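A.B. asks: This is the structure, below, for whatever I ask next.
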Amino acid sequence: MSPVPGLELSGLHRYVSAPSNQCDLCMKPRIAVLGCGYWGSNHIRTLKSLGALAAVSDANSARAEGFASEHDCRAVAPDALFEREDVDAIVMALPPQFHAEYALRAAAAGKDMLVEKPIALTVDDAEKSVAAAHEAGTVFMVGHVLRFHPAFEKLRALIDQGELGEVRYIHSHRLGLGKFHTENDALWDLAPHDLSMILAITGAAPVEVRGEGAALLDNLSDFAHLHMRFANGLRSHLFTSRLNPYRERRLTVVGDKAMAVFDDVEPWGRKLAVYRHAVWQDSGQWAFTTNEPTYVPVEDGMPLTRELEHFISCIETRQKPRTTGEEAIDVLRILTAGTISHN
């Protein structure tokens, strides 16, 4: 990976020069978690296990104090967090309408950051946040956690090795009941992870995006479809729902040699399947054969742990994150283009 533009190596001594008899936290980046809700609490527990949790922060001070007491770290008010010299980096797990404001403050304070998805509610706010981080020389990483799922990493490897042939079509289904937000519809809440995976496979943004949506509860889409066309002819379809009676977390990649399915609902040994079906023409008629799936062995590992290990590595080495702000901006452009208004 290439160094992040504008990042200076001179700050590296903060993490590697501590004497060997000091604690692990003194030798690692000191990371605070801003936002102690459901996903923020997962970041807190994981960073604690990695020896990098320095502080927690939340607008609800009692909630922050509770996590601080449980995990033996400081509780810091959000407004005071950015001036703390004992905090090197911040994980932002806030409602998305607050991400851009706090990302700008983090950049101004010289803090590296991991911002959860979506990083903003407008492309303009996202561009300002990413530009500010680059100008300040700080790491800007995005919480597209499924990019760090071992099954997806193996899927990427199969594609790169030509096991599927030329990729022609990608479709993703992310369905379930809830969660319900006042600012986010099903598309904005559920699709960013899948869009990040699709963009990682295609290596380019789509040239055409068409959206469909249906609102049952209020004026926000509870069901949403995206249809995308890419410059090389590849097409992609994405379906999200927060009013579905069953859970589905499935990414399917169709190549001209084989098809692969990453199904995160399946048990670990069946999360990645390859189907080597065959379709051909015989005397002007279509014929095909079906084959049982081959389940590909996948290395065990929690995606969030791997994501935060990567964040720590980027802070220490000043390397460019796998999930960049530029990619997140592309995701926001797609979400914006595919959003249906029900006002």
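Scheme for the structure tokens: letters A, B, ... for chains in order shown; per-chain residue numbers from 1; ligand numbers from 1 in order shown.
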Give me, as number ranges by chain, the residues of region 5-228 of chain A that a backbone DSSP run labels strand (DSSP E or B).

C.D. replies: A: 31-34, 53-57, 74-75, 89-92, 112-116, 140-143, 167-177, 208-214, 223-228

A.B. asks: Find the residues near region 157-169 of chain A: any atom within 7 Å, counting only C-alpha atoms, skip ones fewer than 5 places away on the same chain, and give them as a list in words.

C.D. replies: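 After dropping sequence-adjacent residues, the list is Leu234, Arg235, Ser236, Val253, Val254, Gly255, Asp256, Lys257, Ala258 and Met259 of chain A.
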
A.B. asks: Can you work out which one of A:Ala214, A:Ala68, A:Met27, A:Leu114 has the shortest atom-to-atom distance to Leu50 (chain A), counting only C-alpha atoms?

C.D. replies: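 Ranking A:Ala214, A:Ala68, A:Met27, A:Leu114 by distance to Leu50 (chain A), first place goes to A:Met27.
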
A.B. asks: Excluding region 288-291 of chain A and its own-chain neighbours fewer than 5 positions away, which residues fall within 9 Å of it when counting only C-alpha atoms? Please give them as JSON, numbers by chain.

C.D. replies: {"A": [275, 276, 277, 278, 279, 280, 281]}

A.B. asks: What is the distance, in Å and to one decimal place, between CA of Gly203 (chain A) and CA of Phe311 (chain A)?

C.D. replies: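 Pair CA of Gly203 (chain A) / CA of Phe311 (chain A) returns 21.7 Å.
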
A.B. asks: Identify, on the basis of only C-alpha atoms, every residue whose closest approach to Thr46 (chain A) does not exceed 10 Å; exclude the query and any residue fewer than 3 positions from it along the same chain; express the result as a ChimeraX atom specification.

C.D. replies: /A:40-43,49-53,302,304-306,308-309

A.B. asks: Ranking A:Val265, A:Phe98, A:Ile334, A:Ile90 by minimum distance to Gly211 (chain A) and counting only C-alpha atoms, which one comes first?

C.D. replies: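 Nearest to Gly211 (chain A): A:Ile334.
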